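Chemist: File follows, model-v7.txt with compact mmCIF, C-alpha atoms:
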```
# COMPACT_ATOMS: atom_id res chain seq x y z
CA MET A 283 100.17 122.84 108.21
CA THR A 284 100.84 125.74 105.85
CA MET A 285 103.19 127.41 108.35
CA TYR A 286 104.98 124.09 108.91
CA TRP A 287 105.53 123.66 105.15
CA PHE A 288 106.70 127.27 104.83
CA GLN A 289 109.24 126.77 107.60
CA ASN A 290 110.47 123.58 105.95
CA ARG A 291 110.94 125.35 102.62
CA TYR A 292 112.78 128.19 104.35
CA LEU A 293 115.14 125.81 106.16
CA PHE A 294 115.70 123.75 103.01
CA SER A 295 116.56 126.86 100.99
CA PHE A 296 118.91 128.12 103.70
CA PHE A 297 120.66 124.73 103.82
CA ILE A 298 121.13 124.61 100.03
CA PHE A 299 122.34 128.23 100.02
CA ALA A 300 124.87 127.58 102.80
CA ALA A 301 126.06 124.35 101.18
CA ALA A 302 126.54 126.12 97.83
CA ILE A 303 128.65 128.86 99.46
CA VAL A 304 130.80 126.33 101.33
CA VAL A 305 131.37 124.20 98.22
CA SER A 306 132.11 127.32 96.18
CA GLN A 307 134.74 128.36 98.72
CA GLY A 308 136.45 125.00 98.27
CA VAL A 309 136.28 125.18 94.49
CA ASP A 310 137.64 128.74 94.54
CA LEU A 311 140.62 127.69 96.67
CA TRP A 312 141.22 124.61 94.52
CA LEU A 313 140.68 125.97 90.99
CA GLY A 314 140.48 129.73 91.42
CA SER A 315 137.70 129.80 88.80
CA THR A 316 134.83 132.22 89.22
CA ILE A 317 132.95 130.47 86.38
CA ALA A 318 132.98 127.19 88.32
CA VAL A 319 131.74 129.05 91.39
CA LEU A 320 128.87 130.60 89.43
CA LEU A 321 127.89 127.19 88.02
CA ILE A 322 127.69 125.75 91.54
CA LEU A 323 125.61 128.69 92.71
CA GLN A 324 123.38 128.30 89.65
CA LEU A 325 122.85 124.62 90.45
CA SER A 326 121.65 125.53 93.93
CA ILE A 327 119.11 127.92 92.39
CA VAL A 328 117.78 125.14 90.17
CA ILE A 329 117.38 122.81 93.17
CA ILE A 330 115.54 125.44 95.20
CA ALA A 331 113.34 126.43 92.24
CA PHE A 332 112.18 122.84 91.74
CA GLN A 333 111.81 121.91 95.40
CA CYS A 334 110.32 125.15 96.76
CA ASN A 335 108.98 127.98 94.57
CA SER A 336 110.18 130.74 92.28
CA ARG A 337 109.88 133.44 94.96
CA MET A 338 112.25 131.57 97.25
CA ALA A 339 114.61 131.02 94.31
CA TYR A 340 114.61 134.77 93.53
CA ILE A 341 115.56 135.62 97.11
CA VAL A 342 118.37 133.06 97.17
CA ALA A 343 119.60 134.21 93.75
CA ILE A 344 119.99 137.77 95.04
CA LEU A 345 121.73 136.55 98.21
CA GLU A 346 124.08 134.41 96.16
CA ALA A 347 124.84 137.31 93.81
CA LEU A 348 125.81 139.43 96.82
CA SER A 349 127.82 136.54 98.25
CA PHE A 350 129.63 136.08 94.93
CA ASN A 351 130.54 139.77 94.92
CA PHE A 352 131.61 139.68 98.56
CA PHE A 353 133.61 136.42 98.63
CA PHE A 354 134.81 135.70 95.10
CA THR A 355 135.54 138.97 93.27
CA THR A 356 138.33 141.52 93.58
CA PRO A 357 138.53 143.24 96.01
CA ARG A 358 137.60 140.38 98.34
CA HIS A 359 135.19 140.91 101.25
CA SER A 360 133.64 144.03 99.78
CA LEU A 361 130.68 144.82 97.55
CA GLN A 362 132.83 146.52 94.91
CA MET A 363 133.97 145.10 91.57
CA PHE A 364 137.10 146.11 89.71
CA HIS A 365 136.82 143.75 86.72
CA LEU A 366 134.25 144.08 83.94
CA ASP A 367 134.21 140.30 83.44
CA ASP A 368 132.97 139.76 86.99
CA SER A 369 130.17 142.26 86.49
CA ILE A 370 129.09 140.62 83.22
CA ASN A 371 129.24 137.15 84.77
CA LEU A 372 127.12 138.30 87.70
CA VAL A 373 124.47 139.85 85.44
CA VAL A 374 124.33 136.67 83.34
CA PHE A 375 124.04 134.64 86.56
CA LEU A 376 121.01 136.66 87.70
CA VAL A 377 119.32 136.47 84.30
CA VAL A 378 119.80 132.70 84.09
CA ALA A 379 118.74 132.24 87.73
CA PHE A 380 115.51 134.19 87.23
CA THR A 381 114.77 132.45 83.93
CA THR A 382 115.43 129.03 85.46
CA SER A 383 113.12 129.81 88.36
CA GLN A 384 110.33 130.79 85.97
CA LEU A 385 110.79 127.61 83.93
CA ALA A 386 110.80 125.50 87.09
CA GLU A 387 107.59 127.18 88.27
CA ARG A 388 105.94 126.52 84.91
CA TYR A 389 107.10 122.90 84.94
CA ARG A 390 105.74 122.40 88.48
CA ARG A 391 102.37 123.89 87.46
CA GLN A 392 102.21 121.57 84.45
CA GLN A 393 102.99 118.58 86.66
CA ASP A 394 100.26 119.63 89.11
CA GLU A 395 97.78 120.00 86.25
CA LEU A 396 98.75 116.57 84.93
CA LYS A 397 98.24 115.02 88.37
CA GLN A 398 94.85 116.72 88.68
CA ALA A 399 93.85 115.44 85.25
CA GLN A 400 94.89 111.92 86.20
CA LEU A 401 92.97 112.23 89.47
CA ARG A 402 89.85 113.40 87.61
CA ASN A 403 90.10 110.45 85.24
CA GLN A 404 90.47 108.03 88.17
CA ILE A 405 87.51 109.61 89.94
CA LEU A 406 85.34 109.34 86.82
CA LEU A 407 86.26 105.69 86.37
CA SER A 408 85.61 105.02 90.04
CA VAL A 409 82.31 106.91 90.12
CA SER A 410 81.02 105.02 87.08
CA HIS A 411 81.22 101.79 89.08
CA ASP A 412 80.89 102.67 92.74
CA LEU A 413 77.93 105.00 92.36
CA ARG A 414 76.15 102.80 89.87
CA THR A 415 76.23 99.65 92.03
CA PRO A 416 74.45 100.96 95.16
CA LEU A 417 72.12 103.12 93.04
CA ALA A 418 71.08 100.07 91.04
CA GLY A 419 70.37 98.24 94.30
CA ILE A 420 68.31 101.12 95.71
CA ILE A 421 66.32 101.56 92.49
CA GLY A 422 65.76 97.81 92.12
CA ASN A 423 64.55 97.33 95.69
CA LEU A 424 62.24 100.36 95.67
CA THR A 425 60.87 99.54 92.21
CA THR A 426 60.07 96.00 93.32
CA LEU A 427 58.41 97.34 96.46
CA LYS A 428 56.30 99.78 94.45
CA GLU A 429 55.17 97.32 91.77
CA TYR A 430 54.40 94.42 94.09
CA LEU A 431 53.39 96.34 97.20
CA PHE A 432 50.07 94.53 97.66
CA LEU A 433 51.48 91.10 96.79
CA LEU A 434 54.40 91.12 99.23
CA SER A 435 54.26 90.03 102.84
CA ASP A 436 55.28 92.44 105.59
CA LYS A 437 58.54 90.52 106.02
CA GLU A 438 59.40 90.84 102.34
CA LYS A 439 58.58 94.55 102.38
CA TYR A 440 60.89 95.13 105.34
CA GLN A 441 63.63 93.10 103.65
CA LEU A 442 63.44 95.29 100.54
CA LEU A 443 63.46 98.47 102.64
CA ASP A 444 66.39 97.21 104.71
CA SER A 445 68.33 96.35 101.57
CA ALA A 446 67.63 99.80 100.09
CA THR A 447 68.68 101.42 103.38
CA ILE A 448 71.95 99.46 103.47
CA GLU A 449 72.75 100.49 99.90
CA SER A 450 71.89 104.11 100.78
CA HIS A 451 74.38 104.06 103.66
CA ARG A 452 76.96 102.50 101.38
CA LEU A 453 76.40 105.22 98.81
CA HIS A 454 76.63 107.92 101.49
CA GLN A 455 79.93 106.53 102.81
CA TYR A 456 81.38 106.37 99.32
CA ILE A 457 80.43 110.00 98.59
CA GLU A 458 81.94 111.11 101.91
CA ASN A 459 85.22 109.35 101.06
CA LEU A 460 85.18 110.85 97.59
CA LEU A 461 84.74 114.37 99.00
CA GLN A 462 87.50 113.88 101.56
CA ALA A 463 89.85 112.42 98.94
CA THR A 464 89.28 115.48 96.75
CA LYS A 465 89.95 117.80 99.71
CA LEU A 466 93.14 115.92 100.53
CA GLN A 467 94.39 116.22 96.95
CA HIS A 468 93.73 119.96 96.96
CA GLY A 469 95.04 120.53 100.51
CA ALA A 470 91.63 121.85 101.54
CA MET A 471 90.91 119.58 104.51
CA VAL A 472 90.05 121.61 107.61
CA VAL A 473 90.73 119.98 111.00
CA ARG A 474 88.84 121.53 113.93
CA LYS A 475 89.97 119.68 117.02
CA SER A 476 88.38 119.15 120.41
CA GLN A 477 89.10 116.85 123.36
CA GLU A 478 87.36 113.52 122.71
CA SER A 479 87.19 110.02 124.16
CA LEU A 480 88.60 107.63 121.58
CA ILE A 481 86.64 104.76 123.14
CA ASN A 482 83.35 106.63 122.61
CA ILE A 483 84.35 107.38 119.02
CA LEU A 484 85.11 103.70 118.37
CA ASN A 485 81.81 102.60 119.92
CA ASN A 486 79.87 105.03 117.72
CA VAL A 487 81.70 103.79 114.64
CA ILE A 488 81.07 100.13 115.48
CA ASP A 489 77.34 100.80 115.97
CA ARG A 490 77.18 101.99 112.36
CA PHE A 491 77.91 98.46 111.13
CA ASP A 492 74.53 97.21 112.44
CA ILE A 493 74.57 93.38 112.39
CA LEU A 494 78.26 93.21 111.47
CA SER A 495 79.10 95.10 114.67
CA GLU A 496 78.83 91.74 116.47
CA LEU A 497 81.95 90.64 114.59
CA ILE A 498 84.06 93.51 116.01
CA VAL A 499 85.63 92.75 119.41
CA VAL A 500 87.17 95.68 121.30
CA THR A 501 89.74 95.26 124.08
CA VAL A 502 90.85 98.29 126.11
CA GLU A 503 94.14 97.85 127.97
CA GLY A 504 94.17 100.20 130.96
CA ALA A 505 92.97 103.79 131.22
CA ILE A 506 92.90 105.85 128.02
CA ASP A 507 93.23 109.64 128.13
CA SER A 508 91.35 111.92 125.76
CA VAL A 509 92.74 112.88 122.37
CA SER A 510 92.58 116.18 120.51
CA VAL A 511 90.84 115.34 117.24
CA SER A 512 88.12 116.29 114.80
CA ARG A 513 85.45 113.80 115.84
CA SER A 514 83.73 113.52 112.45
CA LEU A 515 86.98 113.01 110.53
CA ILE A 516 88.38 110.45 112.97
CA GLU A 517 85.08 108.56 112.95
CA GLN A 518 85.28 108.39 109.17
CA ALA A 519 88.91 107.20 109.31
CA PHE A 520 88.11 104.41 111.80
CA PHE A 521 84.99 103.43 109.86
CA ASN A 522 87.08 103.07 106.69
CA VAL A 523 89.71 100.91 108.40
CA LEU A 524 87.13 98.68 110.12
CA ASP A 525 85.10 98.40 106.91
CA ASN A 526 88.25 97.33 105.07
CA ALA A 527 89.05 94.78 107.80
CA LEU A 528 85.56 93.27 107.54
CA ARG A 529 85.69 93.15 103.74
CA TYR A 530 88.97 91.23 103.73
CA SER A 531 87.98 88.86 106.56
CA PRO A 532 86.69 85.34 105.98
CA LYS A 533 82.90 85.32 106.29
CA GLY A 534 81.83 85.21 109.94
CA SER A 535 85.32 85.75 111.39
CA PHE A 536 86.00 88.38 114.03
CA VAL A 537 87.89 91.65 113.76
CA GLU A 538 89.89 92.40 116.90
CA VAL A 539 90.44 95.98 118.06
CA VAL A 540 92.96 96.59 120.84
CA VAL A 541 93.31 100.06 122.36
CA ARG A 542 96.21 100.96 124.64
CA GLN A 543 98.08 104.05 125.73
CA GLU A 544 101.79 104.59 125.27
CA THR A 545 103.99 107.58 125.99
CA GLY A 546 102.32 110.53 124.31
CA PHE A 547 100.09 108.39 122.08
CA VAL A 548 96.97 106.27 121.99
CA VAL A 549 97.56 103.16 119.89
CA VAL A 550 94.72 101.31 118.16
CA ASP A 551 95.46 97.91 116.59
CA ILE A 552 92.85 96.54 114.17
CA HIS A 553 93.46 92.91 113.21
CA ASN A 554 91.55 90.50 110.98
CA ASP A 555 92.10 86.86 109.99
CA GLY A 556 92.26 87.42 106.25
CA GLN A 557 95.26 86.81 104.04
CA SER A 558 98.42 88.64 105.02
CA PRO A 559 99.50 91.40 102.61
CA ASN A 560 102.99 91.19 101.19
CA ALA A 561 105.60 93.92 101.66
CA GLY A 562 104.55 95.79 98.53
CA GLU A 563 100.85 95.72 99.38
CA SER A 564 101.54 97.04 102.88
CA GLU A 565 102.58 100.33 101.30
CA LEU A 566 100.23 100.36 98.32
CA MET A 567 97.05 99.79 100.35
CA PHE A 568 97.18 103.41 101.54
CA LYS A 569 97.48 104.80 98.00
CA LEU A 570 94.49 106.49 96.41
CA PHE A 571 92.36 104.16 94.25
CA TYR A 572 94.45 101.09 95.09
CA SER A 573 92.37 97.94 95.53
CA GLY A 574 93.93 94.58 96.31
CA ASP A 575 93.26 91.43 94.35
CA LYS A 576 92.64 89.13 97.27
CA THR A 577 89.26 87.53 97.90
CA LYS A 578 86.87 89.55 100.01
CA ASN A 579 83.38 88.97 101.33
CA ALA A 580 82.02 92.16 99.71
CA ASP A 581 82.58 94.45 96.78
CA SER A 582 86.08 95.83 96.80
CA GLY A 583 85.07 99.44 96.22
CA SER A 584 87.29 102.05 94.67
CA GLY A 585 90.29 102.02 96.99
CA LEU A 586 89.38 105.34 98.61
CA GLY A 587 88.86 104.19 102.21
CA LEU A 588 92.39 103.57 103.47
CA ALA A 589 93.82 106.50 101.48
CA VAL A 590 91.32 108.84 103.15
CA ALA A 591 92.03 107.27 106.55
CA LYS A 592 95.76 107.86 106.10
CA GLY A 593 95.17 111.47 105.07
CA VAL A 594 92.94 112.11 108.09
CA ILE A 595 95.33 110.45 110.55
CA THR A 596 98.31 112.31 109.09
CA ALA A 597 96.41 115.61 109.35
CA HIS A 598 96.07 114.86 113.09
CA GLU A 599 99.86 114.39 113.33
CA GLY A 600 99.38 110.67 113.87
CA SER A 601 100.44 107.62 111.91
CA ILE A 602 98.82 104.58 110.30
CA GLU A 603 100.70 101.57 109.01
CA CYS A 604 100.34 97.88 108.23
CA ILE A 605 102.27 95.75 110.73
CA GLU A 606 103.62 92.37 109.66
CA VAL A 607 101.99 89.49 111.56
CA LYS A 608 102.04 85.71 111.13
CA LYS A 609 98.37 85.54 110.15
CA GLY A 610 95.93 88.12 108.87
CA CYS A 611 96.36 91.86 108.54
CA LEU A 612 97.14 94.29 111.37
CA ILE A 613 96.58 98.01 110.89
CA ARG A 614 98.11 100.16 113.64
CA ILE A 615 96.89 103.71 114.22
CA CYS A 616 98.72 106.08 116.58
CA LEU A 617 97.14 109.37 117.65
CA PRO A 618 98.82 111.97 119.88
CA LEU A 619 97.25 112.56 123.29
CA GLY A 620 95.41 115.81 123.91
CA SER A 621 97.22 118.45 125.96
```
Would you mind giving the structure from this file in structure tokens?
Modeler:
Amino acid sequence: MTMYWFQNRYLFSFFIFAAAIVVSQGVDLWLGSTIAVLLILQLSIVIIAFQCNSRMAYIVAILEALSFNFFFTTPRHSLQMFHLDDSINLVVFLVVAFTTSQLAERYRRQQDELKQAQLRNQILLSVSHDLRTPLAGIIGNLTTLKEYLFLLSDKEKYQLLDSATIESHRLHQYIENLLQATKLQHGAMVVRKSQESLINILNNVIDRFDILSELIVVTVEGAIDSVSVSRSLIEQAFFNVLDNALRYSPKGSFVEVVVRQETGFVVVDIHNDGQSPNAGESELMFKLFYSGDKTKNADSGSGLGLAVAKGVITAHEGSIECIEVKKGCLIRICLPLGS
């Protein structure tokens, strides 16, 4: 991922550099103004400094300074300068370019710090609710069991233990999503892939829903090849999507999962019979800490699940999106086939 981003920044910088030189050639032919040329070149430095980094901007600034000397000063097509004004203009260009790059780098750091501060505030607000709720359930059930141990029937004891266990699993899932969301925000998610059967992964995920697993119906259309994935991360992504589908389903209704293979991809459609999201919600539901307002059969949670699922699927070079259907909500996940 890092190499891919580096290559993208390199190509972007090269494109802006080439475009600036071409436009400057036109301006030079039209106006014959070296000042106008330097302003265009300076603008390209600003764009690169904001979109890439200061180091890339420094490199392009030097290349543009050489290009200015070679193409736009007398004598043309040489690295000599006969006019003092051109030399002064070039020095000023480099000073402004380097200063602009530094300011852009500082601005980008400040924006990153602001985003991190906002994320921390959102996490604190989320934790105050989503950790407290299952913890209160666990403490309440275990306290009741301890105080009335000899007065409760075996059935009531098992009910309290089951309730505490369910809340423990809920708490564990929330903490896992919180950790993955933090890793995604910091770009620290590590994906160690291996060849896996997506059907086996789905079956394992469905088993984790205990009684609710009976409400999940899986249909496999044809043979499905293995996929190259991180099993633990993909299991978490599918669990989050299925958990969301169950939460937004009418009580007792089924969630349909259809798995099929297309050219180069395995496609998994997860459909429930809840209310259909509008166009805006279809995009927002994958945003961190977004939680819809529609009626659900369980606590809405913090809005981490689908955001983490999208981050995991994207890290596997796949895609996840909400598909418009006449009734309910359809989430489509596409994962590339293993080589």
Chemist: One decimal, in Å: what's the spacing between atom CA of Val523 of chain A and atom CA of Asp394 of chain A?
Modeler: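 So the two atoms, atom CA of Val523 of chain A and atom CA of Asp394 of chain A, lie 28.9 Å apart.
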Chemist: Give the answer as one residue: which of A:His553, A:His454, A:Arg291, A:His359 has the shortest atom-to-atom distance to Leu612 of chain A, using all atoms listed in the file?
Modeler: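 Ranking A:His553, A:His454, A:Arg291, A:His359 by distance to Leu612 of chain A, first place goes to A:His553.
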Chemist: Identify which of the residues A:Glu544, A:Glu496, A:Asp555, A:Glu458 lies closest to Leu515 of chain A, counting only C-alpha atoms when measuring atom-to-atom distances.
Modeler: A:Glu458
Chemist: For each of A:Val594, A:Leu619, A:Ala301, A:Ala343, take the minimum atom-to-atom distance to Gln477 of chain A, counting all atoms listed in the file, then give the residue where this is smallest.
Modeler: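 The answer is A:Leu619, which sits nearest to Gln477 of chain A.
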Chemist: Point out the residue among A:Leu586, A:Leu361, A:Leu320, A:Leu524 with the least atom-to-atom distance to Asp551 of chain A, counting only C-alpha atoms.
Modeler: A:Leu524
Chemist: To one decimal place, how far is atom CA of Ile329 of chain A from atom CA of Asn371 of chain A in Å?
Modeler: 20.4 Å
Chemist: Calculated over all atoms listed in the file, which of the candidates A:Ser508, A:Gln518, A:Val590, A:Gln400 has the smallest distance to Gln462 of chain A?
Modeler: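 Nearest candidate to Gln462 of chain A out of A:Ser508, A:Gln518, A:Val590, A:Gln400: A:Val590.
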Chemist: Restricting the calculation to only C-alpha atoms: of A:Phe332, A:Lys437, A:Phe520, A:Thr355, which residue gets closest to Tyr389 of chain A?
Modeler: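 Among the listed residues, A:Phe332 lies closest to Tyr389 of chain A.
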Chemist: Using Å and a single decimal, report how far atom CA of Ser531 of chain A sits from atom CA of Ile498 of chain A.
Modeler: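 Atom CA of Ser531 of chain A lies 11.2 Å from atom CA of Ile498 of chain A.
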Chemist: Quick one: 4 Å padding each side, axis-aligned, all listed atoms of segment 290-296 of chain A - centre and edge lengths in Å to one decimal, as JSON?
Modeler:
```
{"center_x": 114.7, "center_y": 125.9, "center_z": 103.6, "size_x": 16.4, "size_y": 12.6, "size_z": 13.2}
```
Chemist: Could you give me, as a PyMOL selection string, the residues that have an atom at most 6 Å away from the point (97.0, 113.8, 114.0) in the coordinates of the file, using all atoms listed in the file?
Modeler: chain A and resi 595-600+617
Chemist: Residues at most 10 Å from Ser476 of chain A, counting only C-alpha atoms, excluding those fewer than 6 positions away in the same chain, as a PyMOL selection string?
Modeler: chain A and resi 508-513+620
